[in-house]
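The structure under discussion appears below in the form of structure tokens.
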Amino acid sequence: MTATTAAVAEPLYVTAAGVVSSAGLGLAPLADALLGRGGPEDGPVGEDAGAYPPRPVRAVRDLDVREHLGRKGTKYLDRLTSFGLISTKEVLAGAQDGGSEGGRTGVVLATNTGSVSTHSTLLYDTLTLDKPYLVNPGRFPNTVMNSTAGQIAIRNGLRGLNATVAGGQTASLLAFRHARLALALGRAERLLVGGVEELSAPAAWAWHRTGVLRDGAALGEGAAVFTVQRERPGREALAELLACETRFSPDPREYADGLADAIGRALGRSGVRPDEVDVVSLGAVHQRGLERIEERGVRTALGGGLPGPVRVADVLGETYSASGAMQLAALLALWRTKPPATPVTALVTSVSWDGNAAALVVRGPR
């Protein structure tokens, strides 16, 4: 079925957003950073801060986990899970019904490998301590990839669908696509959808040694979670999510065309013409070669133009599996700070060196 004959997708409504980033907590600090009114500090934090490579790092600072979540059950939380739980607390506080119907509310969260820092710490302890069984058992739950999504559900009484999507650079957009399918099938009435990524010295060295990022490009971390539902809310939604389409291209020479195909199908399913796109939120901002591939794919799909580009990675750094969620958060932050006079149609794009490409069509508040 081609984009011209596919049925137009019903919109999903974003009713609340929770963001933890190096810019601060919430949408407002992110908007300020994007508009040049301040920005995150450079430099790593934590016990392994001295082990990072010589590269800019945009870490989340001054985040007191116990202040946000309380003392109970937080002793062994890693940064990844902490980001997810705090952003979820914020998004549920902003939900239009003031809470959640746990039985019909689920979680779809994007990540890459879970907590790299926890994996590396346990591996180091296993090899260096006197006996392997002396490693800290309290850290074991954080080694499971879906630990963050599980903790979000347990702590908030969410008994609906619970899914973790591991898709590298495109993971967040894959999570939105998964959420759309789940809601369409009636698996939940509402989903908390987003992405989370943490910084660690081992991951930073991996980025640095591979040379994937341009010189001077910063690494980042954080989480962005959104309440997404099919039912039209009682008050104005933050945004409407239209179609989300993906494409896999095995040949690197076809990556740009693959992204253009995903964009074309997403626009077709959304009932949006290429010339109606007002803003493009780009993902591969600092990746050598991939940045040009993404822009070429967008220009091909939109007839040569690149309207209103938003590059949130310029502010937050490379957030990898959380990048798609941060790209959407950037749009919501800008729209909330400077409400558009007329409805805006935006495109969120992502492309990865593994051949995956994805595109999400977003309509701003009416």
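To be explicit about the labels: the chains of the structure tokens are called A, B, and onward in the order shown, and within each one the residues are counted from 1, while ligands get numbers from 1 in the order they are shown.
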Give me the residues of stretch 206-239 of chain A that have any atom at most 10 Å from an atom of stretch 21-26 of chain A; for each, the nearest atom pair and the distance in Å, rounded to one decimal. Use only C-alpha atoms, sort by chain and number, and format it as JSON lines.
{"residue": "A:Gly220", "atom": "CA", "partner": "A:Ser22", "partner_atom": "CA", "distance": 7.4}
{"residue": "A:Glu221", "atom": "CA", "partner": "A:Ser21", "partner_atom": "CA", "distance": 6.5}
{"residue": "A:Gly222", "atom": "CA", "partner": "A:Ser21", "partner_atom": "CA", "distance": 4.6}
{"residue": "A:Ala223", "atom": "CA", "partner": "A:Ser21", "partner_atom": "CA", "distance": 6.5}
{"residue": "A:Ala224", "atom": "CA", "partner": "A:Ser21", "partner_atom": "CA", "distance": 8.1}
Subject >> For stretch 107-113 of chain A: contacts at 10 Å, only C-alpha atoms, fewer than 3 positions along chain excluded, given as a VMD selection string >> reply: chain A and resid 80 84 88 116 119 143 to 146 148 to 150 152 to 153 158 to 179 182 188 190 to 198 223 to 227 320 to 325
Subject >> Selection near A:Glu231, 10 Å with only C-alpha atoms, sequence-local residues under 6 positions removed, as an MDAnalysis selection string >> reply: chainID A and resid 11:13 189:190
Based on the selection just made, write all heavy atoms of those residues as an mmCIF file, in the first residue's frame.
data_model
loop_
_atom_site.group_PDB
_atom_site.id
_atom_site.type_symbol
_atom_site.label_atom_id
_atom_site.label_comp_id
_atom_site.auth_asym_id
_atom_site.auth_seq_id
_atom_site.Cartn_x
_atom_site.Cartn_y
_atom_site.Cartn_z
ATOM 1 N N PRO A 11 -5.060 11.133 14.898
ATOM 2 C CA PRO A 11 -4.046 11.768 15.746
ATOM 3 C C PRO A 11 -4.025 11.165 17.148
ATOM 4 O O PRO A 11 -5.049 10.727 17.668
ATOM 5 C CB PRO A 11 -4.489 13.231 15.787
ATOM 6 C CG PRO A 11 -5.961 13.196 15.536
ATOM 7 C CD PRO A 11 -6.178 12.056 14.579
ATOM 8 N N LEU A 12 -2.849 11.151 17.739
ATOM 9 C CA LEU A 12 -2.690 10.862 19.147
ATOM 10 C C LEU A 12 -2.397 12.179 19.841
ATOM 11 O O LEU A 12 -1.690 13.025 19.306
ATOM 12 C CB LEU A 12 -1.539 9.873 19.378
ATOM 13 C CG LEU A 12 -1.638 8.517 18.703
ATOM 14 C CD1 LEU A 12 -0.407 7.689 19.024
ATOM 15 C CD2 LEU A 12 -2.902 7.783 19.132
ATOM 16 N N TYR A 13 -2.935 12.344 21.044
ATOM 17 C CA TYR A 13 -2.826 13.628 21.730
ATOM 18 C C TYR A 13 -1.792 13.552 22.851
ATOM 19 O O TYR A 13 -1.826 12.651 23.695
ATOM 20 C CB TYR A 13 -4.183 14.036 22.295
ATOM 21 C CG TYR A 13 -5.242 14.200 21.224
ATOM 22 C CD1 TYR A 13 -6.122 13.158 20.924
ATOM 23 C CD2 TYR A 13 -5.325 15.375 20.482
ATOM 24 C CE1 TYR A 13 -7.074 13.299 19.923
ATOM 25 C CE2 TYR A 13 -6.276 15.529 19.485
ATOM 26 C CZ TYR A 13 -7.144 14.481 19.208
ATOM 27 O OH TYR A 13 -8.088 14.622 18.200
ATOM 28 N N GLU A 189 -5.370 2.635 27.242
ATOM 29 C CA GLU A 189 -6.079 3.875 26.961
ATOM 30 C C GLU A 189 -5.127 5.058 26.912
ATOM 31 O O GLU A 189 -5.388 6.045 26.245
ATOM 32 C CB GLU A 189 -7.141 4.124 28.036
ATOM 33 C CG GLU A 189 -8.289 3.126 27.993
ATOM 34 C CD GLU A 189 -9.319 3.387 29.063
ATOM 35 O OE1 GLU A 189 -9.131 4.365 29.848
ATOM 36 O OE2 GLU A 189 -10.311 2.644 29.137
ATOM 37 N N ARG A 190 -4.035 4.925 27.629
ATOM 38 C CA ARG A 190 -3.044 5.983 27.676
ATOM 39 C C ARG A 190 -1.672 5.361 27.904
ATOM 40 O O ARG A 190 -1.535 4.370 28.618
ATOM 41 C CB ARG A 190 -3.368 6.968 28.796
ATOM 42 C CG ARG A 190 -2.339 8.073 28.944
ATOM 43 C CD ARG A 190 -2.804 9.164 29.871
ATOM 44 N NE ARG A 190 -3.085 8.666 31.216
ATOM 45 C CZ ARG A 190 -3.478 9.449 32.215
ATOM 46 N NH1 ARG A 190 -3.694 10.719 31.990
ATOM 47 N NH2 ARG A 190 -3.704 8.935 33.405
#
With only C-alpha atoms counted and 8 Å as the cut-off, give the residues of stretch 146-220 of chain A in contact with stretch 287-297 of chain A, each with its shortest interatomic distance in Å and the pair that gives it, as a tab-separated table.
residue	atom	partner	partner_atom	distance
A:Val212	CA	A:Gln287	CA	5.7
A:Leu213	CA	A:Gln287	CA	4.5
A:Arg214	CA	A:Arg288	CA	5.7
**OP:** Find the spatial neighbours of A:Val272, counting only C-alpha atoms, within a cut-off of 12 Å - ignore same-chain residues fewer than 3 positions away - and output them as a list in words.
**Re:**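 The residues that qualify are Ala3, Thr4, Val8, Ala9, Leu242, Ala243, Ile263, Gly264, Arg265, Ala266, Leu267, Gly268, Arg269, Asp275, Glu276, Val277, Asp278, Leu302, Val344, Thr345, Ala346, Leu347, Leu360, Val361, Val362 and Arg363 of chain A.
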May I have the selected residues written with N, CA and C atoms, as a PDB file, in the first residue's frame?
ATOM      1  N   ALA A   3       1.753   5.511   0.048  1.00  0.00           N
ATOM      2  CA  ALA A   3       1.327   6.620   0.899  1.00  0.00           C
ATOM      3  C   ALA A   3       0.096   7.322   0.345  1.00  0.00           C
ATOM      4  N   THR A   4      -0.113   7.233  -0.960  1.00  0.00           N
ATOM      5  CA  THR A   4      -1.243   7.937  -1.554  1.00  0.00           C
ATOM      6  C   THR A   4      -2.553   7.201  -1.340  1.00  0.00           C
ATOM      7  N   VAL A   8      -5.678   7.742   6.297  1.00  0.00           N
ATOM      8  CA  VAL A   8      -5.070   8.789   7.117  1.00  0.00           C
ATOM      9  C   VAL A   8      -5.117   8.364   8.580  1.00  0.00           C
ATOM     10  N   ALA A   9      -3.978   8.486   9.257  1.00  0.00           N
ATOM     11  CA  ALA A   9      -3.881   8.056  10.651  1.00  0.00           C
ATOM     12  C   ALA A   9      -4.629   9.011  11.571  1.00  0.00           C
ATOM     13  N   LEU A 242       0.824  12.659  14.592  1.00  0.00           N
ATOM     14  CA  LEU A 242       0.191  12.046  13.433  1.00  0.00           C
ATOM     15  C   LEU A 242       0.937  10.750  13.110  1.00  0.00           C
ATOM     16  N   ALA A 243       1.231  10.465  11.886  1.00  0.00           N
ATOM     17  CA  ALA A 243       1.823   9.173  11.540  1.00  0.00           C
ATOM     18  C   ALA A 243       3.299   9.114  11.906  1.00  0.00           C
ATOM     19  N   ILE A 263       9.745   9.432   5.419  1.00  0.00           N
ATOM     20  CA  ILE A 263       9.096  10.738   5.524  1.00  0.00           C
ATOM     21  C   ILE A 263       7.888  10.818   4.602  1.00  0.00           C
ATOM     22  N   GLY A 264       8.059  10.351   3.363  1.00  0.00           N
ATOM     23  CA  GLY A 264       6.959  10.400   2.411  1.00  0.00           C
ATOM     24  C   GLY A 264       5.755   9.604   2.878  1.00  0.00           C
ATOM     25  N   ARG A 265       5.993   8.408   3.423  1.00  0.00           N
ATOM     26  CA  ARG A 265       4.886   7.600   3.909  1.00  0.00           C
ATOM     27  C   ARG A 265       4.245   8.215   5.146  1.00  0.00           C
ATOM     28  N   ALA A 266       5.069   8.807   6.034  1.00  0.00           N
ATOM     29  CA  ALA A 266       4.520   9.451   7.227  1.00  0.00           C
ATOM     30  C   ALA A 266       3.645  10.653   6.850  1.00  0.00           C
ATOM     31  N   LEU A 267       4.102  11.440   5.887  1.00  0.00           N
ATOM     32  CA  LEU A 267       3.301  12.580   5.444  1.00  0.00           C
ATOM     33  C   LEU A 267       2.010  12.117   4.786  1.00  0.00           C
ATOM     34  N   GLY A 268       2.112  11.079   3.966  1.00  0.00           N
ATOM     35  CA  GLY A 268       0.923  10.544   3.308  1.00  0.00           C
ATOM     36  C   GLY A 268      -0.099  10.017   4.296  1.00  0.00           C
ATOM     37  N   ARG A 269       0.383   9.285   5.317  1.00  0.00           N
ATOM     38  CA  ARG A 269      -0.529   8.756   6.341  1.00  0.00           C
ATOM     39  C   ARG A 269      -1.117   9.873   7.197  1.00  0.00           C
ATOM     40  N   ASP A 275       4.876  20.547   1.189  1.00  0.00           N
ATOM     41  CA  ASP A 275       5.004  21.996   1.319  1.00  0.00           C
ATOM     42  C   ASP A 275       4.263  22.548   2.538  1.00  0.00           C
ATOM     43  N   GLU A 276       3.567  21.688   3.273  1.00  0.00           N
ATOM     44  CA  GLU A 276       2.866  22.122   4.486  1.00  0.00           C
ATOM     45  C   GLU A 276       3.716  21.942   5.738  1.00  0.00           C
ATOM     46  N   VAL A 277       4.905  21.364   5.602  1.00  0.00           N
ATOM     47  CA  VAL A 277       5.793  21.180   6.749  1.00  0.00           C
ATOM     48  C   VAL A 277       6.469  22.508   7.071  1.00  0.00           C
ATOM     49  N   ASP A 278       6.337  22.963   8.322  1.00  0.00           N
ATOM     50  CA  ASP A 278       6.873  24.258   8.735  1.00  0.00           C
ATOM     51  C   ASP A 278       8.204  24.151   9.476  1.00  0.00           C
ATOM     52  N   LEU A 302      10.948  16.599   0.893  1.00  0.00           N
ATOM     53  CA  LEU A 302      10.195  17.856   0.951  1.00  0.00           C
ATOM     54  C   LEU A 302      10.370  18.709  -0.297  1.00  0.00           C
ATOM     55  N   VAL A 344       1.036  24.718  13.541  1.00  0.00           N
ATOM     56  CA  VAL A 344       2.304  24.408  12.884  1.00  0.00           C
ATOM     57  C   VAL A 344       2.399  22.904  12.674  1.00  0.00           C
ATOM     58  N   THR A 345       2.906  22.508  11.517  1.00  0.00           N
ATOM     59  CA  THR A 345       3.158  21.101  11.246  1.00  0.00           C
ATOM     60  C   THR A 345       4.663  20.867  11.245  1.00  0.00           C
ATOM     61  N   ALA A 346       5.098  19.935  12.076  1.00  0.00           N
ATOM     62  CA  ALA A 346       6.532  19.678  12.225  1.00  0.00           C
ATOM     63  C   ALA A 346       6.858  18.239  11.862  1.00  0.00           C
ATOM     64  N   LEU A 347       8.121  18.034  11.564  1.00  0.00           N
ATOM     65  CA  LEU A 347       8.630  16.718  11.217  1.00  0.00           C
ATOM     66  C   LEU A 347       9.799  16.412  12.140  1.00  0.00           C
ATOM     67  N   LEU A 360       8.440  11.142  12.249  1.00  0.00           N
ATOM     68  CA  LEU A 360       7.210  11.382  12.999  1.00  0.00           C
ATOM     69  C   LEU A 360       6.657  12.745  12.612  1.00  0.00           C
ATOM     70  N   VAL A 361       5.376  12.798  12.273  1.00  0.00           N
ATOM     71  CA  VAL A 361       4.724  14.052  11.917  1.00  0.00           C
ATOM     72  C   VAL A 361       3.971  14.561  13.141  1.00  0.00           C
ATOM     73  N   VAL A 362       4.189  15.824  13.473  1.00  0.00           N
ATOM     74  CA  VAL A 362       3.624  16.424  14.685  1.00  0.00           C
ATOM     75  C   VAL A 362       2.885  17.709  14.313  1.00  0.00           C
ATOM     76  N   ARG A 363       1.703  17.871  14.855  1.00  0.00           N
ATOM     77  CA  ARG A 363       0.954  19.110  14.655  1.00  0.00           C
ATOM     78  C   ARG A 363       0.940  19.887  15.969  1.00  0.00           C
TER      79      ARG A 363
END
Original post:
Would you give me, as an NGL selection string, the residues in stretch 54-289 of chain A that DSSP reads as helix (DSSP H, G or I)?
Top reply: :A and (65-69 or 79-93 or 102-104 or 116-128 or 132-134 or 137-143 or 147-156 or 168-184 or 201-210 or 252-270 or 274-276)
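Using only C-alpha atoms for every distance, the candidate list A:Val19, A:Gly103, A:Lys89, A:Ser200 yields A:Ser200 as the residue closest to A:Glu47.
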**OP:** Select, from A:Thr105, A:Thr319, A:Gln229, A:Asn142, the residue with the minimum atom-to-atom distance to A:Val57, counting only C-alpha atoms.
**Re:**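 Among the listed residues, the smallest separation from A:Val57 belongs to A:Thr319.
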**OP:** Identify which of the residues A:Val14, A:Ala7, A:Ala237, A:Ala204 lies closest to A:Pro44, counting only C-alpha atoms when measuring atom-to-atom distances.
**Re:** A:Ala204
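Among the candidate residues A:Ala93, A:Leu35, A:Val135, A:Val20, the one lying nearest to A:Ala329 is A:Val20, with distances computed using only C-alpha atoms.
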Original post:
Among stretch 206-351 of chain A, which ones does DSSP place in strand (DSSP E), written as a count of residues only?
Top reply: 32
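Atom CA of A:Leu238 to atom CA of A:Gly94 spans 11.0 Å [interatomic distance, one decimal].
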Original post:
Which value, in Å to one decimal, gives the distance between atom CA of A:Ala330 and atom CA of A:His68?
Top reply: 23.0 Å
Original post:
From the list A:Thr121, A:Pro53, A:Glu10, A:Ala33, which residue is nearest A:Ala206 when using only C-alpha atoms?
Top reply: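 Looking at the shortest contact to A:Ala206, the residue is A:Pro53.
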